[in-house]
>>> print(open('target_34.cif').read())   # mmCIF, C-alpha atoms and all ligand atoms
data_target
#
loop_
_atom_site.label_atom_id
_atom_site.label_comp_id
_atom_site.auth_asym_id
_atom_site.auth_seq_id
_atom_site.Cartn_x
_atom_site.Cartn_y
_atom_site.Cartn_z
CA MET C 1 12.18 -19.44 -7.82
CA ARG C 2 12.59 -16.04 -6.16
CA LYS C 3 13.11 -16.12 -2.38
CA ILE C 4 10.84 -13.86 -0.32
CA HIS C 5 12.30 -12.89 3.03
CA ILE C 6 9.95 -13.16 5.98
CA PHE C 7 10.13 -10.39 8.57
CA ASP C 8 8.09 -11.42 11.57
CA THR C 9 6.75 -8.61 13.72
CA THR C 10 4.51 -10.67 16.03
CA LEU C 11 6.59 -9.47 19.00
CA ARG C 12 6.32 -5.79 18.01
CA ASP C 13 3.34 -4.88 15.77
CA GLY C 14 1.57 -8.06 16.93
CA GLU C 15 2.07 -7.06 20.54
CA GLN C 16 0.45 -3.71 19.67
CA SER C 17 -2.89 -5.57 19.47
CA PRO C 18 -5.15 -4.01 22.07
CA GLY C 19 -5.05 -6.09 25.25
CA VAL C 20 -1.83 -7.97 24.41
CA ASN C 21 1.21 -7.64 26.68
CA LEU C 22 4.02 -10.18 26.44
CA ASN C 23 6.59 -10.51 29.19
CA THR C 24 10.21 -11.47 28.52
CA LYS C 25 9.61 -15.19 29.08
CA GLU C 26 6.67 -15.19 26.67
CA LYS C 27 8.59 -13.21 24.02
CA LEU C 28 11.44 -15.70 24.32
CA GLU C 29 9.12 -18.67 23.93
CA ILE C 30 7.60 -17.17 20.78
CA ALA C 31 11.04 -16.19 19.42
CA TYR C 32 12.33 -19.77 19.79
CA GLN C 33 9.29 -21.06 17.93
CA LEU C 34 9.72 -18.42 15.19
CA GLU C 35 13.28 -19.67 14.79
CA LYS C 36 11.93 -23.20 14.32
CA LEU C 37 9.46 -21.86 11.79
CA GLY C 38 12.45 -20.44 9.96
CA VAL C 39 11.56 -16.75 9.65
CA ASP C 40 14.46 -14.66 8.34
CA ARG C 41 13.97 -11.66 10.63
CA ILE C 42 12.39 -11.21 14.04
CA GLU C 43 11.34 -7.73 15.11
CA ALA C 44 11.51 -8.25 18.86
CA GLY C 45 10.08 -4.94 20.07
CA PHE C 46 10.39 -1.19 20.45
CA PRO C 47 13.16 -0.72 23.05
CA ALA C 48 12.50 3.00 23.61
CA ALA C 49 8.90 2.20 24.62
CA SER C 50 9.79 0.94 28.10
CA PRO C 51 12.69 -0.51 30.10
CA GLY C 52 10.76 -3.80 30.16
CA ASP C 53 10.59 -3.93 26.38
CA LEU C 54 14.28 -3.06 26.10
CA ALA C 55 15.11 -5.96 28.43
CA ALA C 56 12.83 -8.34 26.51
CA VAL C 57 14.40 -7.36 23.17
CA ASN C 58 17.83 -7.94 24.70
CA ALA C 59 16.83 -11.40 25.93
CA VAL C 60 15.55 -12.31 22.45
CA ALA C 61 18.67 -10.83 20.82
CA ARG C 62 20.95 -13.00 22.97
CA ALA C 63 18.87 -16.15 22.52
CA VAL C 64 18.14 -16.20 18.79
CA LYS C 65 20.87 -17.69 16.61
CA ASN C 66 19.21 -18.42 13.29
CA ALA C 67 17.42 -15.20 12.43
CA SER C 68 18.33 -11.55 12.38
CA VAL C 69 16.92 -9.75 15.44
CA ILE C 70 15.56 -6.26 14.91
CA GLY C 71 14.57 -3.37 17.17
CA LEU C 72 12.27 -0.52 16.15
CA ALA C 73 13.13 3.17 16.55
CA ARG C 74 11.57 6.49 15.62
CA SER C 75 13.91 8.81 13.72
CA ARG C 76 15.43 10.05 16.98
CA GLU C 77 18.89 9.48 18.41
CA GLN C 78 17.60 8.32 21.82
CA ASP C 79 15.43 5.65 20.17
CA ILE C 80 18.34 4.44 18.05
CA ASP C 81 20.58 4.37 21.14
CA ALA C 82 17.96 2.24 22.91
CA VAL C 83 18.05 -0.27 20.03
CA VAL C 84 21.88 -0.31 20.15
CA GLU C 85 21.62 -1.15 23.87
CA ALA C 86 18.86 -3.74 23.37
CA LEU C 87 20.65 -5.61 20.60
CA LYS C 88 23.91 -6.10 22.52
CA GLY C 89 24.88 -9.75 22.19
CA ALA C 90 22.84 -10.35 19.03
CA GLN C 91 24.36 -12.60 16.38
CA ASP C 92 22.83 -10.67 13.50
CA PRO C 93 21.41 -7.32 14.71
CA ALA C 94 19.48 -4.85 12.56
CA LEU C 95 17.74 -1.55 13.09
CA HIS C 96 14.27 -0.61 11.87
CA VAL C 97 13.85 3.15 11.83
CA PHE C 98 10.76 4.97 10.61
CA LEU C 99 9.25 8.36 9.88
CA ALA C 100 5.83 9.20 8.50
CA THR C 101 5.73 10.59 4.97
CA SER C 102 2.03 11.05 4.07
CA PRO C 103 0.45 14.54 3.84
CA ILE C 104 -1.96 13.71 6.71
CA HIS C 105 0.86 12.65 9.03
CA ARG C 106 3.16 15.50 7.91
CA LYS C 107 0.49 18.10 8.60
CA HIS C 108 -1.24 16.83 11.74
CA LYS C 109 1.26 14.61 13.52
CA LEU C 110 4.75 15.76 12.60
CA ARG C 111 3.94 19.35 11.62
CA MET C 112 6.78 19.12 9.09
CA GLU C 113 7.20 20.11 5.47
CA LYS C 114 8.48 17.56 2.95
CA ASP C 115 12.09 18.78 3.13
CA GLN C 116 12.06 18.51 6.94
CA VAL C 117 10.85 14.91 6.65
CA LEU C 118 13.67 14.13 4.23
CA GLU C 119 16.27 15.80 6.47
CA THR C 120 15.06 14.15 9.68
CA ALA C 121 15.02 10.66 8.20
CA GLU C 122 18.38 11.14 6.50
CA ARG C 123 19.97 12.32 9.75
CA ALA C 124 18.57 9.31 11.61
CA ILE C 125 19.79 6.77 9.04
CA LYS C 126 23.24 8.37 8.93
CA TYR C 127 23.42 8.43 12.73
CA ALA C 128 22.44 4.75 12.86
CA LYS C 129 25.03 3.84 10.24
CA GLN C 130 27.83 4.12 12.82
CA TYR C 131 26.22 1.26 14.79
CA PHE C 132 24.44 -0.93 12.23
CA SER C 133 25.35 -2.44 8.89
CA LYS C 134 21.73 -3.49 8.35
CA ILE C 135 19.18 -0.68 8.49
CA GLU C 136 15.58 -0.80 7.38
CA PHE C 137 13.86 2.51 6.78
CA SER C 138 10.04 2.64 6.81
CA ALA C 139 8.08 5.48 5.27
CA GLU C 140 5.16 5.28 7.67
CA ASP C 141 1.78 5.67 5.92
CA ALA C 142 3.52 5.18 2.57
CA GLY C 143 0.20 4.00 1.13
CA ARG C 144 -1.23 7.52 1.46
CA THR C 145 1.99 9.28 0.43
CA GLU C 146 2.29 11.08 -2.92
CA LEU C 147 4.08 8.62 -5.22
CA ASP C 148 6.64 11.14 -6.46
CA PHE C 149 7.51 12.06 -2.86
CA LEU C 150 7.77 8.37 -1.94
CA CYS C 151 10.30 7.97 -4.78
CA GLN C 152 12.26 10.90 -3.32
CA VAL C 153 12.12 9.39 0.19
CA THR C 154 13.30 6.01 -1.11
CA ASP C 155 16.14 7.66 -3.03
CA MET C 156 17.20 9.56 0.12
CA ALA C 157 17.08 6.37 2.24
CA ILE C 158 19.26 4.45 -0.23
CA ARG C 159 21.82 7.28 -0.43
CA ALA C 160 21.88 7.62 3.38
CA GLY C 161 22.69 3.91 3.75
CA ALA C 162 19.45 1.98 4.30
CA THR C 163 19.68 -1.65 3.21
CA VAL C 164 15.93 -2.27 3.22
CA VAL C 165 13.20 0.24 2.38
CA ASN C 166 9.78 -0.66 3.71
CA ILE C 167 6.50 0.62 2.26
CA PRO C 168 3.91 0.35 5.02
CA ASP C 169 0.22 0.54 4.30
CA THR C 170 -0.07 1.69 7.89
CA VAL C 171 -3.83 2.18 7.91
CA GLY C 172 -4.84 -0.67 5.58
CA TYR C 173 -6.15 1.77 2.95
CA MET C 174 -4.65 0.23 -0.17
CA ASN C 175 -6.05 -2.27 -2.66
CA PRO C 176 -3.84 -4.78 -4.49
CA SER C 177 -3.53 -2.94 -7.80
CA GLU C 178 -2.65 0.40 -6.17
CA TYR C 179 -0.23 -1.14 -3.70
CA GLY C 180 1.43 -3.26 -6.40
CA ASN C 181 1.81 -0.15 -8.54
CA ILE C 182 3.85 1.57 -5.81
CA PHE C 183 6.43 -1.24 -5.96
CA LYS C 184 6.45 -1.22 -9.74
CA THR C 185 7.01 2.54 -9.82
CA LEU C 186 9.79 2.48 -7.21
CA LYS C 187 11.53 -0.32 -9.11
CA GLU C 188 11.31 1.63 -12.37
CA GLN C 189 12.10 5.12 -11.14
CA VAL C 190 14.46 5.07 -8.17
CA PRO C 191 18.17 4.86 -9.07
CA GLY C 192 20.09 2.21 -7.12
CA ILE C 193 16.90 0.39 -6.07
CA GLU C 194 18.50 -2.94 -7.07
CA LYS C 195 21.08 -2.45 -4.30
CA ILE C 196 18.51 -2.67 -1.50
CA GLN C 197 15.58 -4.89 -0.58
CA LEU C 198 12.05 -3.55 -0.92
CA SER C 199 9.66 -4.60 1.79
CA ALA C 200 5.86 -4.73 2.14
CA HIS C 201 4.07 -4.12 5.44
CA CYS C 202 0.27 -4.23 5.31
CA HIS C 203 -2.59 -3.80 7.72
CA ASP C 204 -5.95 -5.49 7.41
CA ASP C 205 -8.45 -2.67 7.98
CA LEU C 206 -10.26 -3.49 4.72
CA GLY C 207 -9.44 -7.19 4.82
CA MET C 208 -6.80 -6.87 2.09
CA ALA C 209 -3.50 -7.25 3.99
CA THR C 210 -2.60 -10.61 2.46
CA ALA C 211 -3.83 -9.69 -1.03
CA ASN C 212 -1.81 -6.46 -0.90
CA ALA C 213 1.32 -8.28 0.27
CA LEU C 214 0.97 -10.74 -2.62
CA ALA C 215 0.48 -7.86 -5.07
CA ALA C 216 3.72 -6.37 -3.74
CA ILE C 217 5.50 -9.68 -4.40
CA LEU C 218 4.18 -9.75 -7.96
CA ASN C 219 5.63 -6.28 -8.43
CA GLY C 220 9.08 -6.93 -7.04
CA ALA C 221 8.93 -6.87 -3.22
CA ASP C 222 11.77 -8.87 -1.67
CA GLN C 223 10.41 -9.03 1.86
CA ILE C 224 7.03 -9.40 3.53
CA GLU C 225 6.39 -8.19 7.04
CA GLY C 226 3.61 -9.75 9.04
CA THR C 227 2.54 -11.56 12.15
CA ILE C 228 1.43 -15.03 13.12
CA ASN C 229 -2.37 -15.34 12.99
CA GLY C 230 -2.41 -11.80 11.52
CA ILE C 231 -2.54 -10.17 14.97
CA GLY C 232 -1.65 -6.49 15.26
CA GLU C 233 -2.90 -2.92 15.58
CA ARG C 234 -6.68 -2.58 14.98
CA ALA C 235 -7.67 -5.25 12.41
CA GLY C 236 -4.14 -6.65 12.43
CA ASN C 237 -1.29 -7.22 9.99
CA THR C 238 -0.65 -9.53 7.06
CA ALA C 239 -0.80 -13.11 8.36
CA ILE C 240 2.54 -14.74 7.62
CA GLU C 241 1.02 -18.21 7.37
CA GLU C 242 -1.35 -16.99 4.65
CA VAL C 243 1.43 -15.50 2.52
CA ALA C 244 3.66 -18.55 2.99
CA MET C 245 0.88 -20.96 2.03
CA ALA C 246 -0.31 -18.83 -0.89
CA LEU C 247 3.23 -18.92 -2.30
CA ALA C 248 3.64 -22.64 -1.57
CA THR C 249 0.25 -23.60 -3.02
CA ARG C 250 0.43 -21.35 -6.08
CA ALA C 251 4.14 -21.43 -6.89
CA ASP C 252 3.01 -21.83 -10.52
CA PHE C 253 1.47 -18.35 -10.35
CA PHE C 254 3.77 -16.39 -8.04
CA GLY C 255 7.12 -17.95 -8.97
CA ALA C 256 8.34 -17.07 -5.49
CA THR C 257 8.86 -18.97 -2.28
CA THR C 258 9.78 -18.59 1.37
CA THR C 259 12.21 -20.82 3.21
CA LEU C 260 9.80 -21.36 6.10
CA ASN C 261 9.48 -24.77 7.68
CA LEU C 262 5.77 -25.00 6.88
CA ARG C 263 5.23 -27.96 9.23
CA GLU C 264 5.75 -25.60 12.18
CA ILE C 265 2.84 -23.33 11.18
CA ALA C 266 0.08 -24.97 13.25
CA LYS C 267 2.25 -25.19 16.35
CA THR C 268 3.39 -21.56 16.03
CA SER C 269 -0.18 -20.39 15.59
CA ARG C 270 -1.35 -22.25 18.72
CA LEU C 271 1.53 -20.88 20.79
CA VAL C 272 0.93 -17.28 19.73
CA SER C 273 -2.77 -17.63 20.41
CA LYS C 274 -2.13 -19.11 23.86
CA LEU C 275 0.43 -16.50 24.95
CA THR C 276 -1.33 -13.45 23.53
CA GLY C 277 -4.82 -14.61 24.52
CA MET C 278 -6.01 -13.79 21.00
CA ILE C 279 -8.35 -16.55 19.92
CA VAL C 280 -8.04 -17.67 16.29
CA PRO C 281 -11.49 -17.58 14.62
CA GLY C 282 -12.65 -21.01 13.44
CA ASN C 283 -12.86 -19.90 9.83
CA LYS C 284 -9.43 -18.21 9.75
CA ALA C 285 -7.49 -19.24 6.62
CA ILE C 286 -4.81 -21.91 7.19
CA VAL C 287 -4.87 -22.01 11.00
CA GLY C 288 -8.58 -21.79 11.95
CA ALA C 289 -10.11 -24.89 13.55
CA ASN C 290 -12.37 -25.32 10.52
CA ALA C 291 -9.70 -24.78 7.85
CA PHE C 292 -9.49 -28.55 7.29
CA ALA C 293 -12.95 -29.60 8.54
CA HIS C 294 -15.72 -30.77 6.23
CA GLU C 295 -19.35 -31.02 7.21
CA SER C 296 -21.53 -31.35 4.15
CA GLY C 297 -22.32 -34.83 2.87
CA ILE C 298 -21.31 -33.97 -0.68
CA HIS C 299 -17.92 -32.66 0.43
CA GLN C 300 -17.38 -35.57 2.83
CA ASP C 301 -18.17 -38.07 0.08
CA GLY C 302 -15.64 -36.31 -2.20
CA MET C 303 -13.02 -36.25 0.57
CA LEU C 304 -13.44 -39.97 1.22
CA LYS C 305 -12.92 -40.68 -2.47
CA GLU C 306 -10.05 -38.24 -3.09
CA LYS C 307 -8.94 -35.46 -0.74
CA THR C 308 -7.95 -33.02 -3.48
CA THR C 309 -11.62 -32.70 -4.43
CA TYR C 310 -12.12 -30.28 -1.53
CA GLU C 311 -8.67 -29.55 -0.11
CA ILE C 312 -6.03 -27.42 -1.86
CA ILE C 313 -3.57 -27.88 1.00
CA SER C 314 -2.99 -31.09 2.87
CA PRO C 315 -3.16 -30.53 6.65
CA GLU C 316 0.10 -32.45 7.13
CA THR C 317 1.90 -29.64 5.24
CA ILE C 318 1.31 -27.26 8.13
CA GLY C 319 1.89 -29.85 10.83
CA LEU C 320 -1.64 -31.09 11.49
CA ARG C 321 -2.42 -34.79 11.70
CA ASP C 322 -5.39 -34.99 9.37
CA SER C 323 -8.48 -33.32 7.99
CA LYS C 324 -11.67 -33.62 10.01
CA LEU C 325 -14.99 -34.90 8.82
CA VAL C 326 -17.39 -33.21 11.20
CA LEU C 327 -20.68 -34.97 11.69
CA GLY C 328 -23.67 -32.64 11.60
CA LYS C 329 -27.02 -32.38 9.89
CA HIS C 330 -25.42 -31.82 6.48
CA SER C 331 -23.31 -34.97 6.71
CA GLY C 332 -23.92 -37.95 4.49
CA ARG C 333 -24.10 -41.70 4.92
CA ALA C 334 -20.56 -42.27 3.58
CA ALA C 335 -18.94 -40.18 6.32
CA PHE C 336 -21.22 -41.69 8.94
CA ARG C 337 -20.28 -45.21 7.84
CA GLU C 338 -16.57 -44.27 7.94
CA LYS C 339 -17.03 -42.94 11.47
CA LEU C 340 -18.63 -46.23 12.57
CA ILE C 341 -15.61 -48.14 11.25
CA ASP C 342 -13.26 -45.70 13.01
CA LEU C 343 -15.09 -46.25 16.27
CA GLY C 344 -14.82 -50.03 15.86
CA TYR C 345 -18.41 -50.95 14.94
CA GLU C 346 -19.00 -53.56 12.28
CA LEU C 347 -22.63 -53.24 11.26
CA ASP C 348 -24.48 -54.77 8.32
CA GLU C 349 -26.12 -52.47 5.76
CA GLU C 350 -29.51 -52.59 7.42
CA ALA C 351 -28.09 -51.71 10.83
CA VAL C 352 -26.08 -48.83 9.28
CA ASN C 353 -29.30 -47.52 7.71
CA THR C 354 -31.19 -47.64 11.00
CA ALA C 355 -28.32 -45.99 12.88
CA PHE C 356 -27.99 -43.32 10.16
CA ALA C 357 -31.69 -42.41 10.50
CA LYS C 358 -31.26 -42.05 14.30
CA PHE C 359 -28.11 -39.99 13.75
CA LYS C 360 -30.02 -37.58 11.45
CA ASP C 361 -32.68 -37.11 14.16
CA LEU C 362 -29.96 -36.32 16.67
CA ALA C 363 -28.11 -34.01 14.24
CA ASP C 364 -31.28 -31.94 13.83
CA LYS C 365 -31.16 -31.20 17.55
CA LYS C 366 -27.41 -30.82 18.03
CA LYS C 367 -24.89 -28.64 16.11
CA ASN C 368 -22.09 -31.20 16.07
CA VAL C 369 -22.53 -34.87 16.80
CA MET C 370 -19.52 -36.08 18.73
CA ASP C 371 -17.99 -39.57 18.93
CA GLU C 372 -19.50 -40.04 22.39
CA ASP C 373 -22.99 -39.27 21.02
CA ILE C 374 -22.60 -41.94 18.36
CA ARG C 375 -21.27 -44.48 20.84
CA ALA C 376 -24.14 -43.75 23.24
CA MET C 377 -26.66 -44.04 20.41
CA LEU C 378 -25.23 -47.37 19.23
CA GLU C 379 -24.82 -48.88 22.69
CA GLU C 380 -28.47 -48.04 23.36
CA LYS C 381 -29.45 -49.61 20.04
CA LEU C 382 -27.40 -52.77 20.68
CA ALA C 383 -28.91 -53.11 24.18
CA GLU C 384 -32.40 -52.93 22.64
CA SER C 385 -31.71 -55.62 19.98
CA PRO C 386 -32.83 -59.24 20.75
CA GLU C 387 -30.17 -61.88 21.65
O1 LIG Q 401 2.29 0.08 10.20
C1 LIG Q 401 3.34 0.76 10.25
O2 LIG Q 401 3.51 1.78 9.58
C2 LIG Q 401 4.37 0.31 11.17
C3 LIG Q 401 5.70 0.99 11.04
C4 LIG Q 401 6.37 1.21 12.33
C5 LIG Q 401 6.53 0.21 10.07
O3 LIG Q 401 4.18 -0.65 11.90
ZN ZN Q 402 2.39 -1.78 11.22
#
>>> encode(input="target_34.cif", output="structure tokens")
Amino acid sequence: MRKIHIFDTTLRDGEQSPGVNLNTKEKLEIAYQLEKLGVDRIEAGFPAASPGDLAAVNAVARAVKNASVIGLARSREQDIDAVVEALKGAQDPALHVFLATSPIHRKHKLRMEKDQVLETAERAIKYAKQYFSKIEFSAEDAGRTELDFLCQVTDMAIRAGATVVNIPDTVGYMNPSEYGNIFKTLKEQVPGIEKIQLSAHCHDDLGMATANALAAILNGADQIEGTINGIGERAGNTAIEEVAMALATRADFFGATTTLNLREIAKTSRLVSKLTGMIVPGNKAIVGANAFAHESGIHQDGMLKEKTTYEIISPETIGLRDSKLVLGKHSGRAAFREKLIDLGYELDEEAVNTAFAKFKDLADKKKNVMDEDIRAMLEEKLAESPE
């Protein structure tokens, strides 16, 4: 089974979510939890962005012992110097340096020709080499970069000394077959590619960040970059929990795995949501409140007979206690009966039938029928019944 390295950027790209601002204490709390989750790499921030971020990256660098800690830099000496400063005291420091390569970015943002892009990135990687043995180079907006130029950029980065080359779909423009093809082409055409790790970094603007990351894995990517709960710029980044669970659930198909401690997923998701203030939608894959909740009678009946009828992942795998059978108007008698037993009521068949009819009346008026509603309904019923 091929190991896929997990590069967590919750503290950097995740923090770029509009409205999110993590202080040092919060970054540390998340970093400790990411360590428990077992991510391989933690991108702690962008030290040149502010003195506060530099200090926070330094605190994370000194605290984390079981993951490599990474700082982001543009292809500028002052940015690289800021990362050097921020990573003092780190057990396993690494630099992430980037430069845009796409025609749109070259023309409008950088105002550089292709050869200037190559020279600038090469100079930055070579400058960084005196400080770092581990350097990741990202070709920003790689997804919209001409493929032959991306091969040239990757070749330059390897020769200059990068140990990881990252292919960001910065604006979430790719689809799985196109994005997978980039990895396939780089693997086939760039000399020395086997000496470095190839990394995928996707954004979710078209809702394809996880699918694109998985396509990259199928085409040879060694590392996936993403965030917890998929938070990040605009529509967010690849959700790490989705990739990890896709690989764990469909190992037969992907033939690849992470070394994440999957049981820490739910806890990590809750912590990131609490500290960033970004609410996880109920229907979010893996970590949404409804991801293991069943409301329809047919599904509940199946679940009571055998959980694999409607669950491809057991909630315990990600650290949850159990699935939930939610009582609502679509629920059936079997789940209702189970709920009565759970709540400690022993009713004969006739009494269950009467209570079930009352429950259906209530469910028509109320979205979810809670335990207290059922208790109240039954206590009322028992009070009415003759001695
Ligand atoms: O999306 C992106 O291109 C980035 C780079 C800095 C890697 O986040
Ligand atoms: Zn990004």
>>> closest_residue(input="target_34.cif", among="C:Met278, C:Ile193, C:Ala90, C:Val171", to="Met156 of chain C", atoms="only C-alpha atoms")
C:Ile193
>>> residues_around(input="target_34.cif", residues="Ala61 of chain C", least_positions_apart="3", cutoff="10 Å", atoms="only C-alpha atoms", output="NGL selection string")
:C and (28 or 31 or 42-44 or 55-58 or 64-65 or 67-71 or 86-93)
>>> residues_near_ligand(input="target_34.cif", ligand="ligand ZN 402 (chain Q)", cutoff="12 Å", atoms="all atoms listed in the file", output="PyMOL selection string")
chain C and resi 7-17+43+72+96+98+100+138-143+166-172+200-205+209+224-227+230-238
>>> write_last_selection(input="target_34.cif", atoms="C-alpha atoms", output="CSV table (one decimal), keeping the file's coordinate frame")
chain,number,residue,atom,x,y,z
C,7,PHE,CA,10.1,-10.4,8.6
C,8,ASP,CA,8.1,-11.4,11.6
C,9,THR,CA,6.8,-8.6,13.7
C,10,THR,CA,4.5,-10.7,16.0
C,11,LEU,CA,6.6,-9.5,19.0
C,12,ARG,CA,6.3,-5.8,18.0
C,13,ASP,CA,3.3,-4.9,15.8
C,14,GLY,CA,1.6,-8.1,16.9
C,15,GLU,CA,2.1,-7.1,20.5
C,16,GLN,CA,0.4,-3.7,19.7
C,17,SER,CA,-2.9,-5.6,19.5
C,43,GLU,CA,11.3,-7.7,15.1
C,72,LEU,CA,12.3,-0.5,16.2
C,96,HIS,CA,14.3,-0.6,11.9
C,98,PHE,CA,10.8,5.0,10.6
C,100,ALA,CA,5.8,9.2,8.5
C,138,SER,CA,10.0,2.6,6.8
C,139,ALA,CA,8.1,5.5,5.3
C,140,GLU,CA,5.2,5.3,7.7
C,141,ASP,CA,1.8,5.7,5.9
C,142,ALA,CA,3.5,5.2,2.6
C,143,GLY,CA,0.2,4.0,1.1
C,166,ASN,CA,9.8,-0.7,3.7
C,167,ILE,CA,6.5,0.6,2.3
C,168,PRO,CA,3.9,0.4,5.0
C,169,ASP,CA,0.2,0.5,4.3
C,170,THR,CA,-0.1,1.7,7.9
C,171,VAL,CA,-3.8,2.2,7.9
C,172,GLY,CA,-4.8,-0.7,5.6
C,200,ALA,CA,5.9,-4.7,2.1
C,201,HIS,CA,4.1,-4.1,5.4
C,202,CYS,CA,0.3,-4.2,5.3
C,203,HIS,CA,-2.6,-3.8,7.7
C,204,ASP,CA,-6.0,-5.5,7.4
C,205,ASP,CA,-8.4,-2.7,8.0
C,209,ALA,CA,-3.5,-7.2,4.0
C,224,ILE,CA,7.0,-9.4,3.5
C,225,GLU,CA,6.4,-8.2,7.0
C,226,GLY,CA,3.6,-9.8,9.0
C,227,THR,CA,2.5,-11.6,12.2
C,230,GLY,CA,-2.4,-11.8,11.5
C,231,ILE,CA,-2.5,-10.2,15.0
C,232,GLY,CA,-1.6,-6.5,15.3
C,233,GLU,CA,-2.9,-2.9,15.6
C,234,ARG,CA,-6.7,-2.6,15.0
C,235,ALA,CA,-7.7,-5.2,12.4
C,236,GLY,CA,-4.1,-6.6,12.4
C,237,ASN,CA,-1.3,-7.2,10.0
C,238,THR,CA,-0.6,-9.5,7.1
>>> atom_distance(input="target_34.cif", atom1="atom CA of Lys267 of chain C", atom2="atom CA of Val326 of chain C")
21.8 Å
>>> closest_residue(input="target_34.cif", among="C:Thr258, C:Asn175, C:Asn229, C:Ser50", to="Ala213 of chain C", atoms="all atoms listed in the file")
C:Asn175
>>> closest_residue(input="target_34.cif", among="C:Ala215, C:Val39, C:Ile80, C:Leu260", to="Glu178 of chain C", atoms="only C-alpha atoms")
C:Ala215
>>> residues_around(input="target_34.cif", residues="Glu338 of chain C", least_positions_apart="3", cutoff="12 Å", atoms="only C-alpha atoms", output="PDB file with C-alpha atoms, in the coordinates of the input")
ATOM      1  CA  GLN C 300     -17.380 -35.570   2.830  1.00  0.00           C
ATOM      2  CA  ASP C 301     -18.170 -38.070   0.080  1.00  0.00           C
ATOM      3  CA  MET C 303     -13.020 -36.250   0.570  1.00  0.00           C
ATOM      4  CA  LEU C 304     -13.440 -39.970   1.220  1.00  0.00           C
ATOM      5  CA  LYS C 305     -12.920 -40.680  -2.470  1.00  0.00           C
ATOM      6  CA  LYS C 324     -11.670 -33.620  10.010  1.00  0.00           C
ATOM      7  CA  LEU C 325     -14.990 -34.900   8.820  1.00  0.00           C
ATOM      8  CA  VAL C 326     -17.390 -33.210  11.200  1.00  0.00           C
ATOM      9  CA  LEU C 327     -20.680 -34.970  11.690  1.00  0.00           C
ATOM     10  CA  SER C 331     -23.310 -34.970   6.710  1.00  0.00           C
ATOM     11  CA  GLY C 332     -23.920 -37.950   4.490  1.00  0.00           C
ATOM     12  CA  ARG C 333     -24.100 -41.700   4.920  1.00  0.00           C
ATOM     13  CA  ALA C 334     -20.560 -42.270   3.580  1.00  0.00           C
ATOM     14  CA  ALA C 335     -18.940 -40.180   6.320  1.00  0.00           C
ATOM     15  CA  ILE C 341     -15.610 -48.140  11.250  1.00  0.00           C
ATOM     16  CA  ASP C 342     -13.260 -45.700  13.010  1.00  0.00           C
ATOM     17  CA  LEU C 343     -15.090 -46.250  16.270  1.00  0.00           C
ATOM     18  CA  GLY C 344     -14.820 -50.030  15.860  1.00  0.00           C
ATOM     19  CA  TYR C 345     -18.410 -50.950  14.940  1.00  0.00           C
ATOM     20  CA  GLU C 346     -19.000 -53.560  12.280  1.00  0.00           C
ATOM     21  CA  LEU C 347     -22.630 -53.240  11.260  1.00  0.00           C
ATOM     22  CA  VAL C 352     -26.080 -48.830   9.280  1.00  0.00           C
ATOM     23  CA  PHE C 356     -27.990 -43.320  10.160  1.00  0.00           C
TER      24      PHE C 356
END
>>> atom_distance(input="target_34.cif", atom1="atom CA of Asp155 of chain C", atom2="atom CA of Pro191 of chain C")
7.0 Å
>>> build_atoms(input="target_34.cif", residues="segment 209-218 of chain C", atoms="N, CA and C atoms", output="PDB file, keeping the file's coordinate frame")
ATOM      1  N   ALA C 209      -4.940  -7.220   3.650  1.00  0.00           N
ATOM      2  CA  ALA C 209      -3.500  -7.250   3.990  1.00  0.00           C
ATOM      3  C   ALA C 209      -2.740  -8.339   3.233  1.00  0.00           C
ATOM      4  N   THR C 210      -3.321  -9.529   3.155  1.00  0.00           N
ATOM      5  CA  THR C 210      -2.600 -10.610   2.460  1.00  0.00           C
ATOM      6  C   THR C 210      -2.603 -10.360   0.952  1.00  0.00           C
ATOM      7  N   ALA C 211      -3.745  -9.955   0.415  1.00  0.00           N
ATOM      8  CA  ALA C 211      -3.830  -9.690  -1.030  1.00  0.00           C
ATOM      9  C   ALA C 211      -2.845  -8.591  -1.420  1.00  0.00           C
ATOM     10  N   ASN C 212      -2.748  -7.554  -0.586  1.00  0.00           N
ATOM     11  CA  ASN C 212      -1.810  -6.460  -0.900  1.00  0.00           C
ATOM     12  C   ASN C 212      -0.362  -6.936  -0.831  1.00  0.00           C
ATOM     13  N   ALA C 213      -0.058  -7.766   0.160  1.00  0.00           N
ATOM     14  CA  ALA C 213       1.320  -8.280   0.270  1.00  0.00           C
ATOM     15  C   ALA C 213       1.660  -9.112  -0.973  1.00  0.00           C
ATOM     16  N   LEU C 214       0.708  -9.910  -1.428  1.00  0.00           N
ATOM     17  CA  LEU C 214       0.970 -10.740  -2.620  1.00  0.00           C
ATOM     18  C   LEU C 214       1.119  -9.877  -3.869  1.00  0.00           C
ATOM     19  N   ALA C 215       0.349  -8.786  -3.928  1.00  0.00           N
ATOM     20  CA  ALA C 215       0.480  -7.860  -5.070  1.00  0.00           C
ATOM     21  C   ALA C 215       1.876  -7.237  -5.057  1.00  0.00           C
ATOM     22  N   ALA C 216       2.374  -6.947  -3.849  1.00  0.00           N
ATOM     23  CA  ALA C 216       3.720  -6.370  -3.740  1.00  0.00           C
ATOM     24  C   ALA C 216       4.748  -7.383  -4.269  1.00  0.00           C
ATOM     25  N   ILE C 217       4.568  -8.647  -3.915  1.00  0.00           N
ATOM     26  CA  ILE C 217       5.500  -9.680  -4.400  1.00  0.00           C
ATOM     27  C   ILE C 217       5.481  -9.733  -5.934  1.00  0.00           C
ATOM     28  N   LEU C 218       4.288  -9.690  -6.485  1.00  0.00           N
ATOM     29  CA  LEU C 218       4.180  -9.750  -7.960  1.00  0.00           C
ATOM     30  C   LEU C 218       4.850  -8.559  -8.630  1.00  0.00           C
TER      31      LEU C 218
END
